[in-house]
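A.B. asks: So that we are looking at the same thing, I have put the structure below in structure tokens.
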Amino acid sequence: MSTTPARLGTRRSTMATSQSQRVAETLTERTGVPVELVLITSFGDVTRAQLTQLGGTGVFVSALRDALLAGEVEFAVHSLKDLPTAPTDGIVLAAVTERDDPRDALCARDGLKFADLPPGSTVGTGSPRRVAQLAALRPDLRYVPIRGNAETRLGKVSSGELDAVVLAYAGLDRVGRLDDVTDVFEVEQVLPAPGQGALAVECRTADAEGALSYLGAVDHTPTRAAVTAERVILAELEAGCAAPVGAYAEFVADDRLRLRAAVVATDGSQAVRAEQTVTVTEFPDAVQAAAALGHQLAHEMIRRGADQIVADAATGRGEI
Ligand SMILES: NCc1[nH]cc(CCC(=O)O)c1CC(=O)O
């Protein structure tokens, strides 16, 4: 075996390098292939604009894809929830890693739980999905758009600028900040973003079956099935990562995959929530079962007006 390390492209943030490092270690453990990290700067890392105003999905992803296509790296690791659902020419999803905790977490001043935040408290989050679902639970709080990496956002609570921020539990874990968590939202309360907590490994299509087939060693089929169902919801509703769409699928028995999804108006006033379960053994494989499940649930939600809520949210983008 060659000892030249495989080059793994990653964003530069602490969260990105920590999760990429973990994928590198697992891959080396399972295959013996040495891996080195190559840090890539993305537009999403340097822009000062609100993420919701950037007018497109995948701001964190395109620089890594460019590096892949240019042959600067062999494969790239992304947070799966940042990955647009549309396929890209020349690039495939080589692996989906086993999902970490998918839930959203509250980091509030003085150890406060969500239910105990005084009315009028400021809660920072740049995600319309979170604002919409949180506003449905607590319309009496003030939701403030913020961006920046996890450490910057947490800094706004310690400085007193905000009473609380909401972030993904998995991300907080990866940057070593679980001590800041004061409350965790169950998925029934706040449905996570499609793919939240899972990582995507992408490579050039031409390498996937041959030179880089070893990437399959970090693929986790149950997670791949679950996120497939979740991402079909996003794709069918023609919604991007900044849309008020939550979706979470999990195996509730060895062969039963349950998908829950919600589309909530950004002021919390309207919502379409739905759930359905599929028996995966009735399909050729779990991923095909998951895709069928996603399509069925998406169509039911569209019949109930979910696409209209997504369209309305897109019109008001950036104003929340
Ligand atoms: N859009 C930024 C982003 N992309 C992935 C995560 C968290 C980690 C994950 O979901 O895997 C975060 C931060 C956050 O939502 O708090």
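So you can find residues: chains in the structure tokens are A, B, ... in the order shown, residues in each start at 1, and ligands are numbered from 1 in order.
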From a DSSP pass on the backbone, collect the residues of stretch 178-230 of chain A flagged as alpha helix (DSSP H) and hand them back as a PDB file with N, CA, C and O atoms, in the first residue's frame.
C.D. replies:
```
ATOM      1  N   THR A 205     -16.589  11.394  -8.856  1.00  0.00           N
ATOM      2  CA  THR A 205     -17.315  10.199  -9.297  1.00  0.00           C
ATOM      3  C   THR A 205     -16.356   9.154  -9.866  1.00  0.00           C
ATOM      4  O   THR A 205     -16.493   7.954  -9.597  1.00  0.00           O
ATOM      5  N   ALA A 206     -15.373   9.616 -10.614  1.00  0.00           N
ATOM      6  CA  ALA A 206     -14.443   8.707 -11.292  1.00  0.00           C
ATOM      7  C   ALA A 206     -13.635   7.860 -10.305  1.00  0.00           C
ATOM      8  O   ALA A 206     -13.184   6.765 -10.655  1.00  0.00           O
ATOM      9  N   ASP A 207     -13.460   8.338  -9.071  1.00  0.00           N
ATOM     10  CA  ASP A 207     -12.643   7.613  -8.082  1.00  0.00           C
ATOM     11  C   ASP A 207     -13.452   6.717  -7.156  1.00  0.00           C
ATOM     12  O   ASP A 207     -12.889   5.885  -6.439  1.00  0.00           O
ATOM     13  N   ALA A 208     -14.778   6.926  -7.135  1.00  0.00           N
ATOM     14  CA  ALA A 208     -15.599   6.328  -6.080  1.00  0.00           C
ATOM     15  C   ALA A 208     -15.545   4.803  -6.070  1.00  0.00           C
ATOM     16  O   ALA A 208     -15.434   4.178  -5.012  1.00  0.00           O
ATOM     17  N   THR A 221     -25.009   2.545   6.902  1.00  0.00           N
ATOM     18  CA  THR A 221     -26.231   2.384   6.104  1.00  0.00           C
ATOM     19  C   THR A 221     -27.494   2.910   6.798  1.00  0.00           C
ATOM     20  O   THR A 221     -28.289   3.600   6.150  1.00  0.00           O
ATOM     21  N   PRO A 222     -27.716   2.634   8.085  1.00  0.00           N
ATOM     22  CA  PRO A 222     -28.939   3.164   8.704  1.00  0.00           C
ATOM     23  C   PRO A 222     -28.995   4.698   8.669  1.00  0.00           C
ATOM     24  O   PRO A 222     -30.055   5.284   8.449  1.00  0.00           O
ATOM     25  N   THR A 223     -27.848   5.355   8.881  1.00  0.00           N
ATOM     26  CA  THR A 223     -27.830   6.820   8.807  1.00  0.00           C
ATOM     27  C   THR A 223     -28.067   7.281   7.379  1.00  0.00           C
ATOM     28  O   THR A 223     -28.816   8.218   7.119  1.00  0.00           O
ATOM     29  N   ARG A 224     -27.439   6.591   6.413  1.00  0.00           N
ATOM     30  CA  ARG A 224     -27.633   6.974   5.015  1.00  0.00           C
ATOM     31  C   ARG A 224     -29.112   6.871   4.646  1.00  0.00           C
ATOM     32  O   ARG A 224     -29.672   7.744   4.001  1.00  0.00           O
ATOM     33  N   ALA A 225     -29.763   5.803   5.103  1.00  0.00           N
ATOM     34  CA  ALA A 225     -31.193   5.640   4.817  1.00  0.00           C
ATOM     35  C   ALA A 225     -31.985   6.780   5.456  1.00  0.00           C
ATOM     36  O   ALA A 225     -32.811   7.421   4.806  1.00  0.00           O
ATOM     37  N   ALA A 226     -31.719   7.047   6.717  1.00  0.00           N
ATOM     38  CA  ALA A 226     -32.467   8.092   7.436  1.00  0.00           C
ATOM     39  C   ALA A 226     -32.309   9.450   6.753  1.00  0.00           C
ATOM     40  O   ALA A 226     -33.295  10.143   6.490  1.00  0.00           O
ATOM     41  N   VAL A 227     -31.080   9.822   6.433  1.00  0.00           N
ATOM     42  CA  VAL A 227     -30.877  11.156   5.859  1.00  0.00           C
ATOM     43  C   VAL A 227     -31.396  11.222   4.422  1.00  0.00           C
ATOM     44  O   VAL A 227     -31.771  12.297   3.941  1.00  0.00           O
ATOM     45  N   THR A 228     -31.459  10.079   3.755  1.00  0.00           N
ATOM     46  CA  THR A 228     -32.052  10.055   2.412  1.00  0.00           C
ATOM     47  C   THR A 228     -33.517  10.464   2.499  1.00  0.00           C
ATOM     48  O   THR A 228     -33.986  11.320   1.744  1.00  0.00           O
ATOM     49  N   ALA A 229     -34.244   9.870   3.436  1.00  0.00           N
ATOM     50  CA  ALA A 229     -35.663  10.211   3.615  1.00  0.00           C
ATOM     51  C   ALA A 229     -35.812  11.699   3.946  1.00  0.00           C
ATOM     52  O   ALA A 229     -36.648  12.401   3.370  1.00  0.00           O
ATOM     53  N   GLU A 230     -34.967  12.197   4.860  1.00  0.00           N
ATOM     54  CA  GLU A 230     -35.050  13.601   5.281  1.00  0.00           C
ATOM     55  C   GLU A 230     -34.768  14.551   4.124  1.00  0.00           C
ATOM     56  O   GLU A 230     -35.434  15.576   3.956  1.00  0.00           O
TER      57      GLU A 230
END
```
A.B. asks: A:His220: which residues within 8 Å, counting only C-alpha atoms, same-chain residues fewer than 5 positions away excluded, as a list in words?
C.D. replies: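 The residues satisfying every condition are Ala95, Val96, Thr97 and Glu98 of chain A.
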A.B. asks: Kindly export the residues of the current selection with all heavy atoms, as a short mmCIF file (atom, residue, chain, number, x, y, z; two decimals), in the first residue's frame.
C.D. replies:
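Result went into part_1.cif, see below:
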```cif
data_model
loop_
_atom_site.label_atom_id
_atom_site.label_comp_id
_atom_site.auth_asym_id
_atom_site.auth_seq_id
_atom_site.Cartn_x
_atom_site.Cartn_y
_atom_site.Cartn_z
N ALA A 95 -19.76 8.52 1.26
CA ALA A 95 -20.10 7.94 2.56
C ALA A 95 -20.91 8.92 3.39
O ALA A 95 -20.76 10.14 3.26
CB ALA A 95 -18.82 7.55 3.33
N VAL A 96 -21.78 8.37 4.23
CA VAL A 96 -22.51 9.15 5.24
C VAL A 96 -22.13 8.50 6.57
O VAL A 96 -22.36 7.30 6.77
CB VAL A 96 -24.03 9.07 5.03
CG1 VAL A 96 -24.77 9.79 6.15
CG2 VAL A 96 -24.43 9.65 3.68
N THR A 97 -21.55 9.29 7.48
CA THR A 97 -21.08 8.69 8.73
C THR A 97 -22.23 8.48 9.72
O THR A 97 -23.28 9.11 9.60
CB THR A 97 -20.04 9.61 9.40
OG1 THR A 97 -20.66 10.85 9.74
CG2 THR A 97 -18.86 9.87 8.48
N GLU A 98 -21.99 7.63 10.69
CA GLU A 98 -23.01 7.37 11.72
C GLU A 98 -23.36 8.68 12.42
O GLU A 98 -22.48 9.44 12.82
CB GLU A 98 -22.46 6.36 12.74
CG GLU A 98 -23.48 6.03 13.81
CD GLU A 98 -23.07 4.83 14.64
OE1 GLU A 98 -21.96 4.29 14.45
OE2 GLU A 98 -23.89 4.43 15.49
#
```
A.B. asks: Show me which residues are within 7 Å of ligand 1 counting only C-alpha atoms and all ligand atoms, and format the list as a tab-separated table (two decimals) with N, CA and C atoms, in the first residue's frame.
C.D. replies:
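Result file follows (result_34.tsv):
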```tsv
chain	number	residue	atom	x	y	z
A	79	SER	N	-20.50	18.95	6.89
A	79	SER	CA	-21.70	18.66	7.68
A	79	SER	C	-22.79	18.35	6.67
A	80	LEU	N	-23.44	17.21	6.81
A	80	LEU	CA	-24.41	16.80	5.79
A	80	LEU	C	-25.53	17.82	5.65
A	81	LYS	N	-25.89	18.48	6.73
A	81	LYS	CA	-27.02	19.41	6.62
A	81	LYS	C	-26.68	20.64	5.80
A	82	ASP	N	-25.41	20.90	5.56
A	82	ASP	CA	-25.01	22.03	4.71
A	82	ASP	C	-24.98	21.66	3.23
A	102	PRO	N	-28.77	14.29	17.06
A	102	PRO	CA	-29.35	15.18	16.05
A	102	PRO	C	-30.02	16.42	16.62
A	150	ALA	N	-19.62	28.71	16.09
A	150	ALA	CA	-20.25	28.39	17.38
A	150	ALA	C	-19.66	29.22	18.51
A	167	LEU	N	-28.07	26.17	19.12
A	167	LEU	CA	-27.09	25.56	18.22
A	167	LEU	C	-27.30	24.06	18.19
A	168	ALA	N	-26.71	23.40	17.20
A	168	ALA	CA	-26.80	21.95	17.14
A	168	ALA	C	-25.95	21.33	18.25
A	170	ALA	N	-24.64	18.41	18.35
A	170	ALA	CA	-23.48	17.70	17.78
A	170	ALA	C	-22.32	18.65	17.51
A	171	GLY	N	-22.66	19.85	17.02
A	171	GLY	CA	-21.63	20.83	16.73
A	171	GLY	C	-20.97	21.32	18.02
A	195	GLY	N	-30.48	15.85	7.95
A	195	GLY	CA	-29.04	15.52	7.95
A	195	GLY	C	-28.29	16.01	9.18
A	196	GLN	N	-28.94	16.73	10.09
A	196	GLN	CA	-28.22	17.29	11.24
A	196	GLN	C	-27.53	16.17	12.03
A	197	GLY	N	-26.28	16.41	12.38
A	197	GLY	CA	-25.53	15.45	13.18
A	197	GLY	C	-24.77	14.40	12.38
A	198	ALA	N	-25.03	14.34	11.07
A	198	ALA	CA	-24.31	13.36	10.23
A	198	ALA	C	-23.29	14.10	9.35
A	199	LEU	N	-22.27	13.40	8.93
A	199	LEU	CA	-21.24	13.99	8.07
A	199	LEU	C	-21.28	13.34	6.70
```
A.B. asks: So that I can see what lies close to A:Thr41, please list as a list of chain:residue names the residues with an atom at most 12 Å from it, counting only C-alpha atoms and leaving out residues fewer than 3 positions away in the same chain.
C.D. replies: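 Surrounding residues, per the criterion: A:Gly9, A:Thr10, A:Arg11, A:Arg12, A:Ser13, A:Ala16, A:Thr17, A:Val38, A:Gly44, A:Asp45, A:Val46, A:Thr47, A:Val59, A:Phe60, A:Val61, A:Ser62, A:Ala63, A:Leu64, A:Arg65, A:Asp66, A:Ala67.
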A.B. asks: As an exercise, work out the distance from atom CA of A:Val73 to atom CA of A:Arg7 in Å and give it to one decimal place.
C.D. replies: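 Answer for the atom CA of A:Val73 to atom CA of A:Arg7 separation: 4.8 Å.
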A.B. asks: List every residue of stretch 41-218 of chain A that DSSP, applied to the backbone of this structure, assigns to strand (DSSP E), and report them as a ChimeraX atom specification.
C.D. replies: /A:75-79,91-96,104-108,122-124,142-144,164-168,183-184,199-204
A.B. asks: Just to confirm, what's the straight-line distance from atom CA of A:Arg231 to atom CA of A:Thr85 in Å (one decimal)?
C.D. replies: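 Between atom CA of A:Arg231 and atom CA of A:Thr85 the gap is 6.5 Å.
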A.B. asks: Please list as a ChimeraX atom specification every residue within 10 Å of A:Glu186, counting only C-alpha atoms and excluding residues in the same chain fewer than 6 positions away.
C.D. replies: /A:102-105,192
A.B. asks: Would you output that residue set with C-alpha atoms, as a PDB file, in the first residue's frame?
C.D. replies:
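File produced: part.pdb:
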```pdb
ATOM      1  CA  PRO A 102     -29.350  15.184  16.045  1.00  0.00           C
ATOM      2  CA  ARG A 103     -31.001  17.567  18.523  1.00  0.00           C
ATOM      3  CA  ASP A 104     -30.820  21.324  18.880  1.00  0.00           C
ATOM      4  CA  ALA A 105     -29.541  22.739  22.153  1.00  0.00           C
ATOM      5  CA  PRO A 192     -33.731  19.007  13.459  1.00  0.00           C
TER       6      PRO A 192
END
```
A.B. asks: Atom CA of A:Leu134 and atom CA of A:Arg273 are how many Å apart?
C.D. replies: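 For atom CA of A:Leu134 relative to atom CA of A:Arg273, the distance reads 14.6 Å.
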A.B. asks: I'd like the contact shell of A:Val35 - 6 Å cut-off, only C-alpha atoms, skipping same-chain residues fewer than 6 positions apart - returned as a PyMOL selection string.
C.D. replies: chain A and resi 5-7+24
